[in-house]
Amino acid sequence: MTGTDYRYITYEALEDGTIARILLNRPKTRNAQNRGLLVELDDAFRQAEADDNVRVVILGGVGPLFSSGHDMGSSESVAERTPGPDQHPSMVINGGTRVGAEKLMLQEWHYFFDNTRRWRNLRKITIAQVQGTVFAAGLMLMWACDLICAADDVMFADVVGTRLGMCGVEYFAHPWEFGPRRAKELLLTGDSLDVEEAYRIGMVSKVFPRESLEDKTLEFAKRIAKTPTMAALLIKESVNQSVDSMGFYNALNACFTIHELNHSHWAQIHESKYPVAEPADGIPDWRTAPPVLPLVKDQPSAAPPNGAAAQTPSAR
Ligand code: ZN
């Protein structure tokens with residue numbers, strides 16, 4: 001598809017339009033998810049959904065990493081949250097003009113939760129293409145996809161427990177993706193999972209060398225695109241309805257509510273109503289927090305390997 005001007009993402013039609021590739025395109029912020037990006041991403045998914053030629057959608061990110069999570073600190077993100085000429089229009093609809101917990105709950109439901117669930121339920125097969133690090137809300141985007149192709153350098157972590165005093169991100173798929181016990185450990189420690197372990201537990205579908213990730217993912221997408229569309233949809237739907245019957249759908253709803261309780265806790269404590277923990281609450285400042293450590297089987301905490309894990313996300 002051409003003619004759609006996106007500012008924060010790109011949309012390409014490949015293989016005679018049978019494959020749509022959407023890339024997060026804010027490499028300077030490590031593809032942190034600001035509101036404008038999320039609204040554009042929803043538009044791009046709807047565009048792929050509406051186009052009957054599209055069979056498979058690839059979701060990736062430009063630059064060294066897929067997504068560092070929600071954008072909490074970039075000047076663009078602050079401007080779009082602040083009343084004025086650069087405020088994003090979505091800030092004054094969908095609960096944005098309400099007050100208290102209602103405002104945050106409605107805004108997060110529309111822009112972090114229900115949109116993610118809508119992408120998960122897309123009537124097309126979706127493939128996440130991830131590299132570098134996938135932190136916090138980066139996990140949500142990746143998990144919403146049907147299949148995940150990962151570069152051999154990738155690591156996964158949800159750091160919101162240790163850095164923001166939060167019980168995980170809004171789309172709480174952690175126990176389903178990591179397994180219940182591993183989910184608790186990863187959330188309680190903020191440690192990262194490497195790609196081999198992610199593959200071993202079935203969270204990622206393929207592991208490709210970083211330099212050939214794009215080509216190999218496209219090859220994989222072409223193969224999936226050959227499956228008759230009706231069969232592909234019903235395979236996806238059979239698996240999704242199975243996990244929904246096991247409780248996935250209701251658990252997501254319940255955990256979103258719990259997440260909002262956690263925000264309300266911090267908002268009640270803080271004079272400023274800031275809805276996540278601050279350094280005074282006993283966490284490191286997320287801007288200067290120590291590096292994410294790799295999860296290691298036989299050590300309570302591990303030193304980061306040379307350079308590899310020494311990245312500090314600018315966002316949750
Ligand atoms: Zn939240």
# chains A, B, ... in the order shown; residues from 1 in each chain; ligands from 1
>>> select_by_dssp(residues="stretch 144-221 of chain A", states="strand (DSSP E or B)", output="PyMOL selection string")
chain A and resi 147-151+155-157+192-194+206-208
>>> residues_near_ligand(ligand="ligand 1", cutoff="12 Å", atoms="only C-alpha atoms and all ligand atoms", output="ChimeraX atom specification")
/A:69-72,101,103-113,136-137,160-161,164-172,255-267,274-277,316
>>> select_by_dssp(residues="stretch 194-249 of chain A", states="helix (DSSP H, G or I)", output="ChimeraX atom specification")
/A:195-200,210-225,229-245,248-249
>>> write_last_selection(atoms="N, CA and C atoms", output="CSV table (one decimal), in the first residue's frame")
chain,number,residue,atom,x,y,z
A,195,VAL,N,17.6,-15.7,24.1
A,195,VAL,CA,16.8,-16.2,23.0
A,195,VAL,C,16.7,-17.7,23.0
A,196,GLU,N,17.8,-18.3,23.4
A,196,GLU,CA,17.8,-19.8,23.4
A,196,GLU,C,16.8,-20.3,24.4
A,197,GLU,N,16.7,-19.7,25.6
A,197,GLU,CA,15.7,-20.1,26.6
A,197,GLU,C,14.3,-19.8,26.1
A,198,ALA,N,14.2,-18.6,25.5
A,198,ALA,CA,12.9,-18.3,25.0
A,198,ALA,C,12.4,-19.3,23.9
A,199,TYR,N,13.3,-19.8,23.1
A,199,TYR,CA,13.0,-20.8,22.1
A,199,TYR,C,12.6,-22.1,22.8
A,200,ARG,N,13.5,-22.4,23.9
A,200,ARG,CA,13.2,-23.7,24.6
A,200,ARG,C,11.9,-23.8,25.2
A,210,ARG,N,21.3,-12.4,13.3
A,210,ARG,CA,20.9,-11.0,13.3
A,210,ARG,C,20.9,-10.4,11.9
A,211,GLU,N,22.1,-10.8,11.1
A,211,GLU,CA,22.3,-10.1,9.8
A,211,GLU,C,21.3,-10.6,8.8
A,212,SER,N,20.7,-11.8,9.0
A,212,SER,CA,19.7,-12.3,8.0
A,212,SER,C,18.3,-12.3,8.5
A,213,LEU,N,18.0,-11.7,9.7
A,213,LEU,CA,16.7,-11.7,10.3
A,213,LEU,C,15.6,-11.3,9.3
A,214,GLU,N,15.8,-10.1,8.6
A,214,GLU,CA,14.8,-9.6,7.7
A,214,GLU,C,14.5,-10.6,6.6
A,215,ASP,N,15.5,-11.1,6.0
A,215,ASP,CA,15.4,-12.0,4.8
A,215,ASP,C,14.7,-13.3,5.2
A,216,LYS,N,15.2,-13.9,6.4
A,216,LYS,CA,14.6,-15.2,6.8
A,216,LYS,C,13.2,-15.0,7.3
A,217,THR,N,12.9,-13.9,7.9
A,217,THR,CA,11.5,-13.7,8.3
A,217,THR,C,10.6,-13.6,7.1
A,218,LEU,N,11.0,-12.9,6.1
A,218,LEU,CA,10.2,-12.7,4.9
A,218,LEU,C,10.0,-14.1,4.2
A,219,GLU,N,11.1,-14.9,4.2
A,219,GLU,CA,11.0,-16.2,3.6
A,219,GLU,C,9.9,-17.1,4.4
A,220,PHE,N,10.0,-17.0,5.7
A,220,PHE,CA,9.0,-17.7,6.6
A,220,PHE,C,7.6,-17.2,6.3
A,221,ALA,N,7.5,-15.8,6.1
A,221,ALA,CA,6.2,-15.2,5.9
A,221,ALA,C,5.6,-15.7,4.5
A,222,LYS,N,6.5,-15.8,3.5
A,222,LYS,CA,6.1,-16.3,2.2
A,222,LYS,C,5.6,-17.7,2.3
A,223,ARG,N,6.2,-18.5,3.1
A,223,ARG,CA,5.8,-19.9,3.3
A,223,ARG,C,4.4,-20.0,3.9
A,224,ILE,N,4.2,-19.2,5.0
A,224,ILE,CA,2.9,-19.1,5.7
A,224,ILE,C,1.8,-18.6,4.7
A,225,ALA,N,2.2,-17.7,3.9
A,225,ALA,CA,1.2,-17.0,3.0
A,225,ALA,C,0.7,-18.0,2.0
A,229,THR,N,-6.1,-19.2,2.8
A,229,THR,CA,-6.5,-18.2,3.8
A,229,THR,C,-7.5,-18.7,4.8
A,230,MET,N,-8.5,-19.5,4.4
A,230,MET,CA,-9.5,-20.0,5.3
A,230,MET,C,-8.9,-21.0,6.3
A,231,ALA,N,-8.0,-21.8,5.8
A,231,ALA,CA,-7.3,-22.8,6.7
A,231,ALA,C,-6.4,-22.0,7.7
A,232,ALA,N,-5.7,-21.0,7.2
A,232,ALA,CA,-4.8,-20.2,8.1
A,232,ALA,C,-5.6,-19.6,9.2
A,233,LEU,N,-6.7,-18.9,8.8
A,233,LEU,CA,-7.5,-18.2,9.8
A,233,LEU,C,-8.1,-19.2,10.8
A,234,LEU,N,-8.6,-20.4,10.3
A,234,LEU,CA,-9.2,-21.3,11.3
A,234,LEU,C,-8.2,-22.0,12.2
A,235,ILE,N,-7.0,-22.2,11.7
A,235,ILE,CA,-5.9,-22.7,12.6
A,235,ILE,C,-5.6,-21.7,13.7
A,236,LYS,N,-5.5,-20.4,13.3
A,236,LYS,CA,-5.2,-19.3,14.3
A,236,LYS,C,-6.4,-19.3,15.3
A,237,GLU,N,-7.6,-19.3,14.7
A,237,GLU,CA,-8.8,-19.2,15.6
A,237,GLU,C,-9.0,-20.4,16.5
A,238,SER,N,-8.6,-21.6,16.0
A,238,SER,CA,-8.7,-22.8,16.9
A,238,SER,C,-7.8,-22.7,18.0
A,239,VAL,N,-6.5,-22.2,17.8
A,239,VAL,CA,-5.6,-22.1,18.9
A,239,VAL,C,-6.0,-20.9,19.8
A,240,ASN,N,-6.4,-19.8,19.2
A,240,ASN,CA,-6.8,-18.7,20.1
A,240,ASN,C,-8.1,-19.0,20.9
A,241,GLN,N,-9.0,-19.7,20.3
A,241,GLN,CA,-10.2,-20.1,21.1
A,241,GLN,C,-9.9,-21.1,22.1
A,242,SER,N,-8.9,-22.0,21.9
A,242,SER,CA,-8.5,-23.0,22.9
A,242,SER,C,-7.9,-22.2,24.1
A,243,VAL,N,-7.0,-21.3,23.9
A,243,VAL,CA,-6.4,-20.6,25.0
A,243,VAL,C,-7.4,-19.7,25.7
A,244,ASP,N,-8.4,-19.2,24.9
A,244,ASP,CA,-9.4,-18.4,25.5
A,244,ASP,C,-10.3,-19.2,26.4
A,245,SER,N,-10.6,-20.4,25.9
A,245,SER,CA,-11.4,-21.4,26.8
A,245,SER,C,-10.6,-21.8,28.0
A,248,PHE,N,-7.5,-17.5,29.0
A,248,PHE,CA,-6.7,-16.4,28.6
A,248,PHE,C,-7.4,-15.1,28.6
A,249,TYR,N,-8.6,-15.1,27.9
A,249,TYR,CA,-9.3,-13.8,27.7
A,249,TYR,C,-9.8,-13.2,29.0
>>> residues_around(residues="A:Thr133", least_positions_apart="2", cutoff="7 Å", atoms="only C-alpha atoms", output="MDAnalysis selection string")
chainID A and resid 65:68 131 135 154:156
>>> closest_residue(among="A:Ala302, A:Val296, A:Leu141, A:Ala20", to="A:Leu38", atoms="only C-alpha atoms")
A:Leu141
>>> closest_residue(among="A:Thr227, A:Thr126, A:Asn34, A:Asn253", to="A:His88", atoms="only C-alpha atoms")
A:Asn34
>>> closest_residue(among="A:Ile19, A:Leu41, A:Ala50, A:Leu186", to="A:Tyr6", atoms="only C-alpha atoms")
A:Leu41
>>> residues_around(residues="A:Arg7", least_positions_apart="2", cutoff="12 Å", atoms="only C-alpha atoms", output="VMD selection string")
chain A and resid 4 to 5 9 to 11 23 to 26 34 to 41 44 76
>>> write_last_selection(atoms="C-alpha atoms", output="tab-separated table (two decimals), in the first residue's frame")
chain	number	residue	atom	x	y	z
A	4	THR	CA	-0.23	6.54	3.67
A	5	ASP	CA	2.04	9.00	5.37
A	9	ILE	CA	6.13	3.73	11.47
A	10	THR	CA	6.54	2.45	7.92
A	11	TYR	CA	4.12	0.29	5.95
A	23	LEU	CA	8.13	-1.33	11.07
A	24	LEU	CA	8.34	0.83	14.18
A	25	ASN	CA	10.48	3.72	12.99
A	26	ARG	CA	11.80	5.68	15.96
A	34	ASN	CA	4.62	7.12	22.17
A	35	ARG	CA	0.91	7.76	21.62
A	36	GLY	CA	1.38	8.85	18.03
A	37	LEU	CA	3.18	5.61	17.23
A	38	LEU	CA	0.48	3.47	18.84
A	39	VAL	CA	-2.32	5.27	17.00
A	40	GLU	CA	-0.47	4.92	13.70
A	41	LEU	CA	0.21	1.26	14.41
A	44	ALA	CA	-1.63	0.25	9.87
A	76	GLU	CA	7.80	14.23	21.77
>>> residues_around(residues="A:Ile201", least_positions_apart="5", cutoff="9 Å", atoms="only C-alpha atoms", output="VMD selection string")
chain A and resid 177 to 179 196
>>> atom_distance(atom1="atom CA of A:Pro209", atom2="atom CA of A:Val57")
20.9 Å
>>> closest_residue(among="A:Val54, A:Ala251, A:Leu122, A:Val99", to="A:Asp42", atoms="only C-alpha atoms")
A:Leu122
>>> residues_around(residues="A:Lys206", least_positions_apart="6", cutoff="7 Å", atoms="only C-alpha atoms", output="ChimeraX atom specification")
/A:148-150
>>> write_last_selection(atoms="N, CA and C atoms", output="CSV table (one decimal), in the first residue's frame")
chain,number,residue,atom,x,y,z
A,148,ILE,N,6.7,-15.7,16.2
A,148,ILE,CA,7.8,-14.7,16.6
A,148,ILE,C,9.1,-15.2,16.0
A,149,CYS,N,9.7,-14.4,15.1
A,149,CYS,CA,11.0,-14.6,14.6
A,149,CYS,C,12.0,-13.7,15.3
A,150,ALA,N,13.0,-14.3,16.0
A,150,ALA,CA,13.9,-13.6,16.8
A,150,ALA,C,15.3,-13.7,16.3
>>> closest_atom_pairs(of="stretch 113-189 of chain A", to="stretch 290-293 of chain A", cutoff="9 Å", atoms="only C-alpha atoms", output="Markdown table")
| residue | atom | partner | partner_atom | distance |
| --- | --- | --- | --- | --- |
| A:Ala157 | CA | A:Val292 | CA | 7.9 |
| A:Val159 | CA | A:Val292 | CA | 7.9 |
| A:Thr189 | CA | A:Leu293 | CA | 8.9 |
>>> atom_distance(atom1="atom CA of A:Arg163", atom2="atom CA of A:Ala289")
7.4 Å
>>> decode(residues="stretch 174-286 of chain A", atoms="C-alpha atoms", output="PDB file, in the first residue's frame")
ATOM      1  CA  HIS A 174       3.328 -13.287  31.065  1.00  0.00           C
ATOM      2  CA  PRO A 175       2.162 -16.581  32.664  1.00  0.00           C
ATOM      3  CA  TRP A 176       0.972 -17.841  29.278  1.00  0.00           C
ATOM      4  CA  GLU A 177       4.202 -16.931  27.513  1.00  0.00           C
ATOM      5  CA  PHE A 178       6.832 -17.619  30.208  1.00  0.00           C
ATOM      6  CA  GLY A 179       4.977 -20.215  32.275  1.00  0.00           C
ATOM      7  CA  PRO A 180       3.642 -19.298  35.734  1.00  0.00           C
ATOM      8  CA  ARG A 181       6.780 -19.823  37.871  1.00  0.00           C
ATOM      9  CA  ARG A 182       9.190 -18.270  35.380  1.00  0.00           C
ATOM     10  CA  ALA A 183       6.771 -15.322  35.011  1.00  0.00           C
ATOM     11  CA  LYS A 184       6.965 -14.638  38.748  1.00  0.00           C
ATOM     12  CA  GLU A 185      10.763 -14.809  38.778  1.00  0.00           C
ATOM     13  CA  LEU A 186      11.207 -12.557  35.749  1.00  0.00           C
ATOM     14  CA  LEU A 187       8.781  -9.961  37.113  1.00  0.00           C
ATOM     15  CA  LEU A 188      10.184 -10.044  40.651  1.00  0.00           C
ATOM     16  CA  THR A 189      13.819  -9.744  39.558  1.00  0.00           C
ATOM     17  CA  GLY A 190      13.579  -7.818  36.255  1.00  0.00           C
ATOM     18  CA  ASP A 191      16.116 -10.292  34.841  1.00  0.00           C
ATOM     19  CA  SER A 192      16.169 -11.035  31.122  1.00  0.00           C
ATOM     20  CA  LEU A 193      15.532 -14.186  29.172  1.00  0.00           C
ATOM     21  CA  ASP A 194      17.925 -14.966  26.332  1.00  0.00           C
ATOM     22  CA  VAL A 195      16.755 -16.179  22.972  1.00  0.00           C
ATOM     23  CA  GLU A 196      17.807 -19.809  23.447  1.00  0.00           C
ATOM     24  CA  GLU A 197      15.735 -20.111  26.604  1.00  0.00           C
ATOM     25  CA  ALA A 198      12.856 -18.257  24.951  1.00  0.00           C
ATOM     26  CA  TYR A 199      12.998 -20.799  22.136  1.00  0.00           C
ATOM     27  CA  ARG A 200      13.241 -23.711  24.562  1.00  0.00           C
ATOM     28  CA  ILE A 201      10.064 -22.675  26.400  1.00  0.00           C
ATOM     29  CA  GLY A 202       8.231 -22.173  23.099  1.00  0.00           C
ATOM     30  CA  MET A 203       7.887 -18.396  23.280  1.00  0.00           C
ATOM     31  CA  VAL A 204       9.674 -17.773  19.986  1.00  0.00           C
ATOM     32  CA  SER A 205       9.073 -19.674  16.759  1.00  0.00           C
ATOM     33  CA  LYS A 206      12.400 -19.186  14.960  1.00  0.00           C
ATOM     34  CA  VAL A 207      15.899 -17.960  15.824  1.00  0.00           C
ATOM     35  CA  PHE A 208      17.833 -16.404  12.934  1.00  0.00           C
ATOM     36  CA  PRO A 209      21.285 -14.752  12.731  1.00  0.00           C
ATOM     37  CA  ARG A 210      20.894 -11.000  13.268  1.00  0.00           C
ATOM     38  CA  GLU A 211      22.253 -10.137   9.825  1.00  0.00           C
ATOM     39  CA  SER A 212      19.718 -12.303   7.999  1.00  0.00           C
ATOM     40  CA  LEU A 213      16.694 -11.698  10.276  1.00  0.00           C
ATOM     41  CA  GLU A 214      14.753  -9.629   7.740  1.00  0.00           C
ATOM     42  CA  ASP A 215      15.354 -12.011   4.815  1.00  0.00           C
ATOM     43  CA  LYS A 216      14.638 -15.158   6.794  1.00  0.00           C
ATOM     44  CA  THR A 217      11.495 -13.692   8.345  1.00  0.00           C
ATOM     45  CA  LEU A 218      10.236 -12.714   4.914  1.00  0.00           C
ATOM     46  CA  GLU A 219      10.992 -16.226   3.642  1.00  0.00           C
ATOM     47  CA  PHE A 220       9.040 -17.662   6.566  1.00  0.00           C
ATOM     48  CA  ALA A 221       6.160 -15.244   5.879  1.00  0.00           C
ATOM     49  CA  LYS A 222       6.081 -16.305   2.220  1.00  0.00           C
ATOM     50  CA  ARG A 223       5.795 -19.911   3.274  1.00  0.00           C
ATOM     51  CA  ILE A 224       2.929 -19.130   5.681  1.00  0.00           C
ATOM     52  CA  ALA A 225       1.228 -17.037   2.975  1.00  0.00           C
ATOM     53  CA  LYS A 226       0.890 -20.160   0.802  1.00  0.00           C
ATOM     54  CA  THR A 227      -1.527 -21.765   3.264  1.00  0.00           C
ATOM     55  CA  PRO A 228      -5.115 -21.247   2.043  1.00  0.00           C
ATOM     56  CA  THR A 229      -6.483 -18.175   3.817  1.00  0.00           C
ATOM     57  CA  MET A 230      -9.486 -20.005   5.285  1.00  0.00           C
ATOM     58  CA  ALA A 231      -7.314 -22.781   6.724  1.00  0.00           C
ATOM     59  CA  ALA A 232      -4.817 -20.243   8.087  1.00  0.00           C
ATOM     60  CA  LEU A 233      -7.544 -18.246   9.798  1.00  0.00           C
ATOM     61  CA  LEU A 234      -9.204 -21.312  11.279  1.00  0.00           C
ATOM     62  CA  ILE A 235      -5.884 -22.666  12.564  1.00  0.00           C
ATOM     63  CA  LYS A 236      -5.242 -19.337  14.272  1.00  0.00           C
ATOM     64  CA  GLU A 237      -8.796 -19.189  15.576  1.00  0.00           C
ATOM     65  CA  SER A 238      -8.715 -22.788  16.857  1.00  0.00           C
ATOM     66  CA  VAL A 239      -5.582 -22.073  18.888  1.00  0.00           C
ATOM     67  CA  ASN A 240      -6.826 -18.684  20.097  1.00  0.00           C
ATOM     68  CA  GLN A 241     -10.233 -20.063  21.070  1.00  0.00           C
ATOM     69  CA  SER A 242      -8.506 -22.952  22.868  1.00  0.00           C
ATOM     70  CA  VAL A 243      -6.424 -20.635  25.049  1.00  0.00           C
ATOM     71  CA  ASP A 244      -9.430 -18.351  25.519  1.00  0.00           C
ATOM     72  CA  SER A 245     -11.386 -21.374  26.759  1.00  0.00           C
ATOM     73  CA  MET A 246      -8.490 -22.109  29.121  1.00  0.00           C
ATOM     74  CA  GLY A 247      -9.015 -18.654  30.592  1.00  0.00           C
ATOM     75  CA  PHE A 248      -6.666 -16.387  28.633  1.00  0.00           C
ATOM     76  CA  TYR A 249      -9.326 -13.846  27.673  1.00  0.00           C
ATOM     77  CA  ASN A 250     -10.787 -13.517  31.175  1.00  0.00           C
ATOM     78  CA  ALA A 251      -7.351 -13.512  32.801  1.00  0.00           C
ATOM     79  CA  LEU A 252      -6.259 -10.627  30.557  1.00  0.00           C
ATOM     80  CA  ASN A 253      -9.309  -8.618  31.643  1.00  0.00           C
ATOM     81  CA  ALA A 254      -8.771  -9.407  35.313  1.00  0.00           C
ATOM     82  CA  CYS A 255      -5.069  -8.564  35.223  1.00  0.00           C
ATOM     83  CA  PHE A 256      -5.717  -5.270  33.452  1.00  0.00           C
ATOM     84  CA  THR A 257      -7.924  -4.321  36.408  1.00  0.00           C
ATOM     85  CA  ILE A 258      -5.201  -5.369  38.856  1.00  0.00           C
ATOM     86  CA  HIS A 259      -2.713  -3.264  36.893  1.00  0.00           C
ATOM     87  CA  GLU A 260      -4.971  -0.222  37.351  1.00  0.00           C
ATOM     88  CA  LEU A 261      -5.148  -0.941  41.092  1.00  0.00           C
ATOM     89  CA  ASN A 262      -1.348  -0.791  41.169  1.00  0.00           C
ATOM     90  CA  HIS A 263      -1.407   2.620  39.411  1.00  0.00           C
ATOM     91  CA  SER A 264      -4.046   3.853  41.884  1.00  0.00           C
ATOM     92  CA  HIS A 265      -1.857   2.786  44.803  1.00  0.00           C
ATOM     93  CA  TRP A 266       1.021   4.994  43.677  1.00  0.00           C
ATOM     94  CA  ALA A 267      -1.292   7.864  42.705  1.00  0.00           C
ATOM     95  CA  GLN A 268      -2.785   7.841  46.226  1.00  0.00           C
ATOM     96  CA  ILE A 269       0.648   7.873  47.845  1.00  0.00           C
ATOM     97  CA  HIS A 270       2.139  10.652  45.728  1.00  0.00           C
ATOM     98  CA  GLU A 271       1.318  14.315  46.226  1.00  0.00           C
ATOM     99  CA  SER A 272       1.737  14.737  42.450  1.00  0.00           C
ATOM    100  CA  LYS A 273      -0.618  11.796  41.708  1.00  0.00           C
ATOM    101  CA  TYR A 274       2.217  10.201  39.689  1.00  0.00           C
ATOM    102  CA  PRO A 275       0.885   6.651  39.127  1.00  0.00           C
ATOM    103  CA  VAL A 276       4.116   4.614  39.296  1.00  0.00           C
ATOM    104  CA  ALA A 277       6.763   4.204  41.997  1.00  0.00           C
ATOM    105  CA  GLU A 278       9.521   6.788  42.381  1.00  0.00           C
ATOM    106  CA  PRO A 279      13.041   6.411  43.805  1.00  0.00           C
ATOM    107  CA  ALA A 280      11.731   7.524  47.226  1.00  0.00           C
ATOM    108  CA  ASP A 281       9.507   4.422  47.156  1.00  0.00           C
ATOM    109  CA  GLY A 282      12.589   2.190  47.085  1.00  0.00           C
ATOM    110  CA  ILE A 283      13.317   1.625  43.406  1.00  0.00           C
ATOM    111  CA  PRO A 284      16.193   2.946  41.253  1.00  0.00           C
ATOM    112  CA  ASP A 285      15.466   5.905  38.973  1.00  0.00           C
ATOM    113  CA  TRP A 286      14.485   4.257  35.655  1.00  0.00           C
TER     114      TRP A 286
END
